Structure formats: structure tokens, C-alpha cells
Amino acid sequence: MTSVAVIAFDDISPFHLSVPTLVFGRAGVGNAADWPYEVSICSEHPGMLSTAAGFDISVPNGLDAVGDADIVIAPSWLRGAVPPEPVLDALRAAHARGARIVGLCLGSWLVAASGLVDGREITTHWSDAEHLARAYPAVRVRADMLWSDLGDVITSAGVAAALDCCLHIVRTDLGSRIAADLARGLVLAPHRSGSQSQFIPVAVPEATDDDPIEHAMVWARTRLAEPIDLDSLAQAAVMSRRTFTRRFRERTGLSPQQWLLHQRTDRARLLLESTDDTIERIAADSGFGTAVTLRHHFHRILGTSPAAHRALFRARTPATDLLSSSV
């Protein structure tokens with residue numbers, strides 16, 4: 001059984017608090033009898049806590065729950081509030097004995113304040129990234145990622161990305177099939193590709209049907225196995241190369257070539273998890289052409305090799321067969 005401690009506080013958002021209980025506690029999602037996670041909600045000051053939604057919640061556990069947890073989650077934090085030392089000490093102690101520390105959304109403030117990521121990289125909600133980076137200059141803060149996994153410390157962007165992050169942890173622990181079953185119960189995508197960049201406010205046409213950049217993206221996603229160059233993308237958008245490149249970067253935060261590599265890598269990842277196709281076949285079907293090219297970009301973007309990624313999920317899935325019918 002993997003124990004999960006979730007740190008609550010006065011004026012917390014109920015949604016942020018519910019994310020880890022939905023994913024790790026399967027609250028209201030199918031049968032949790034054989035689920036290998038056990039969730040405890042705890043607080044520096046247990047008892048009745050207020051929420052940002054105007055109702056109170058009862059939190060029975062103190063920070064001693066953190067001392068016994070395998071995963072410790074800070075689901076959010078109050079912007080500008082000074083993190084209390086007892087909470088930071090609990091995070092440091094848990095990390096020192098090998099627990100995974102997870103900061104969801106503004107929970108990254110607690111992670112950064114703990115000193116556990118000095119000289120390292122985390123993510124947070126795009127609207128707070130600059131503020132967090134100024135407050136903790138020893139930490140590299142990313143505003144273009146849905147989540148970041150350092151192994152011992154995991155952080156996510158805001159709101160819905162917290163669900164993505166928690167599903168990522170389940171997928172890492174139990175395999176892609178179990179994560180997909182859970183995501184189906186939550187009516188979520190098992191793995192959402194892309195980055196926060198797509199959510200940072202930019203000028204977007206009011207009508208999606210009139211959005212030439214979206215049209216080009218859909219056109220490319222349905223042809224990933226085919227050769228796609230900048231000219232063909234611009235042609236699909238009915239724009240010049242220069243205008244298309246500028247508009248595409250404004251829309252996504254990436255160049256068209258970078259975006260296309262991420263789409264092809266995500267296609268390859270899904271094929272590795274769901275098929276027995278050879279690396280060479282997957283390289284062709286995802287548009288990389290050769291296994292060498294696939295391995296290069298897969299490692300650069302995801303930090304592992306295609307073979308290691310497939311072995312990781314294949315090794316973990318059989319151990320959880322008992323959960324296949326629980327949703």
C-alpha cells in the first residue's frame with residue numbers, strides 16, 4: 001500500500017484539495033477496495049478549516065501523517081503567504097527518508113521554499129511563474145510545462161494540469177493501462193500532450209472554424225506519418241511562411257518544427273505503450289523515418305529511450321491486473 005499525505009490549510013480551494021483524493025483515493029470513482037493508494041488529509045492545524053468556496057471542512061490529521069507517507073502532496077498555496085516552518089520541515093524530513101514530494105499548481109511555492117529544488121527545475125501555473133522565480137532565484141521555474149518530474153520531486157501547472165500530473169504518477173507506478181482505466185472513469189484524457197504555452201493568453205480568433213493555425217495543426221496531426229515541412233503547414237493555413245511562423249509561435253509558444261517533433265514523439269509514446277510494433281515500424285508510423293531519429297528525439301524530449309519507456313510500462317502493468325475491472 002502506498003500512503004499519500006495531502007497538506008490542507010485555511011482558505012484552500014476545494015477543487016485543488018479534491019484532485020489527489022479523486023486520483024489516489026478514487027473518491028466516487030468505481031471500486032477502491034483493491035486500489036494500492038491510501039490517502040490522508042492533514043494540516044498544520046487539524047480541525048475545522050475554511051475553504052475559498054465559503055464552506056468549512058474537517059481535517060482530522062496533523063503533520064505527523066506526513067512522517068509516514070510515501071507521497072506528500074501540497075495541492076496549492078495562498079499567493080504571497082509565507083510558508084510555515086513546520087510544514088517546510090515536514091516536507092524536508094519526508095524527502096530525506098525517500099518520500100516523493102509533489103507540488104500541484106501553487107503548491108510549488110512550498111516546494112521552492114523548502115530548498116529541495118535549489119539549482120533544479122520545477123513548474124507552476126504560468127501566471128505565477130515569474131513571481132515564484134523572483135522569490136526563489138536559486139530555482140529554475142518553467143511556465144511552459146504541464147508537469148515536471150525530477151523523480152523525487154514532482155510539480156505541475158494549475159488546475160486541470162494537477163489532474164494530468166497525478167495521472168502521470170499513477171501511470172509511472174502502475175502502468176499506462178491502469179492510468180487509462182482511471183482516466184476513463186474521470187472522463188479525462190489518459191495523457192494530455194502539449195504545454196502550458198497553449199493556455200497563456202494570446203490573441204485568438206473568436207470562431208474556431210476561422211482559426212487557420214488550428215486548421216493547420218489538425219491537418220498535421222492526421223498526417224504525422226507523412227513528410228511535413230514548413231511550406232506545407234503554411235499552405236494548410238493559407239499563409240506565407242513568415243506570417244505562419246510568427247502566428248504559430250504566438251499561438252503555441254513553439255516553432256512549427258518544435259511542435260511537430262512533440263506531436264510525433266507523443267504518437268510514438270502511445271504506440272510504444274499500446275502496441276507490439278517494432279521500433280522501426282513506430283518510427284515510420286510517427287513520422288521520424290528511422291529508429292535512430294526516433295531514439296534521438298524521444299530521449300531529448302522525454303529523457304529516456306523508446307525501449308526503456310516500453311519496458312517500464314510493460315513491467316508494471318501485469319502487477320496490477322487485479323484492478324482492470326475496478327472502474
# chains A, B, ... in the order shown; residues from 1 in each chain; ligands from 1
$ residues_around --residues "stretch 69-77 of chain A" --least-positions-apart "6" --cutoff "7 Å" --atoms "only C-alpha atoms" --output "list in words"
Thr2, Ser3, Val4, Ala5, Val6, Ile7, His16, Leu17, Ala99, Arg100, Ile101, Val102, Gly103, Leu104, Cys105, Leu106, Gly107 and Trp109 of chain A
$ closest_residue --among "A:Glu280, A:Glu214, A:Glu44, A:Asp173" --to "A:Arg295" --atoms "only C-alpha atoms"
A:Glu280
$ atom_distance --atom1 "atom CA of A:Ala234" --atom2 "atom CA of A:Leu260"
13.1 Å
$ atom_distance --atom1 "atom CA of A:Met48" --atom2 "atom CA of A:Val66"
18.8 Å
$ closest_residue --among "A:Met1, A:Leu254, A:Ala216, A:Ile279" --to "A:Asp144" --atoms "only C-alpha atoms"
A:Leu254
$ closest_residue --among "A:His125, A:Ala225, A:Glu130, A:Asp56" --to "A:Ala162" --atoms "only C-alpha atoms"
A:His125
$ select_by_dssp --residues "stretch 30-235 of chain A" --states "helix (DSSP H, G or I)" --output "ChimeraX atom specification"
/A:64-67,85-96,105-114,126-135,160-174,176-186,196-199,208-210,212-221,230-235
$ atom_distance --atom1 "atom CA of A:Arg246" --atom2 "atom CA of A:Pro227"
21.7 Å
$ residues_around --residues "A:His297" --least-positions-apart "3" --cutoff "12 Å" --atoms "only C-alpha atoms" --output "PDB file with C-alpha atoms, in the first residue's frame"
ATOM      1  CA  GLN A 258       9.346  22.051 -32.439  1.00  0.00           C
ATOM      2  CA  LEU A 260       5.699  18.825 -34.889  1.00  0.00           C
ATOM      3  CA  LEU A 261       8.517  16.958 -33.111  1.00  0.00           C
ATOM      4  CA  HIS A 262       6.470  16.935 -29.895  1.00  0.00           C
ATOM      5  CA  GLN A 263       3.408  15.605 -31.742  1.00  0.00           C
ATOM      6  CA  ARG A 264       5.456  12.834 -33.349  1.00  0.00           C
ATOM      7  CA  THR A 265       7.105  11.960 -30.047  1.00  0.00           C
ATOM      8  CA  ASP A 266       3.716  11.722 -28.367  1.00  0.00           C
ATOM      9  CA  ALA A 268       5.494   7.240 -30.739  1.00  0.00           C
ATOM     10  CA  ARG A 269       4.973   7.109 -26.981  1.00  0.00           C
ATOM     11  CA  ALA A 283       9.470   5.377 -36.201  1.00  0.00           C
ATOM     12  CA  SER A 286       5.103   8.532 -36.192  1.00  0.00           C
ATOM     13  CA  GLY A 287       6.959  10.298 -38.978  1.00  0.00           C
ATOM     14  CA  PHE A 288      10.536  10.008 -37.724  1.00  0.00           C
ATOM     15  CA  GLY A 289      11.542   7.754 -40.615  1.00  0.00           C
ATOM     16  CA  THR A 290      14.307   5.833 -38.860  1.00  0.00           C
ATOM     17  CA  ALA A 291      14.767   4.266 -35.445  1.00  0.00           C
ATOM     18  CA  VAL A 292      17.908   6.348 -34.948  1.00  0.00           C
ATOM     19  CA  THR A 293      15.988   9.589 -35.425  1.00  0.00           C
ATOM     20  CA  LEU A 294      13.175   8.391 -33.157  1.00  0.00           C
ATOM     21  CA  ARG A 300      15.807  14.636 -25.958  1.00  0.00           C
ATOM     22  CA  ILE A 301      12.133  15.368 -25.263  1.00  0.00           C
ATOM     23  CA  LEU A 302      11.192  12.674 -22.720  1.00  0.00           C
ATOM     24  CA  GLY A 303      14.582  11.913 -21.186  1.00  0.00           C
ATOM     25  CA  THR A 304      14.528   8.165 -21.874  1.00  0.00           C
ATOM     26  CA  SER A 305      14.845   5.727 -24.747  1.00  0.00           C
ATOM     27  CA  PRO A 306      11.891   4.163 -26.576  1.00  0.00           C
TER      28      PRO A 306
END
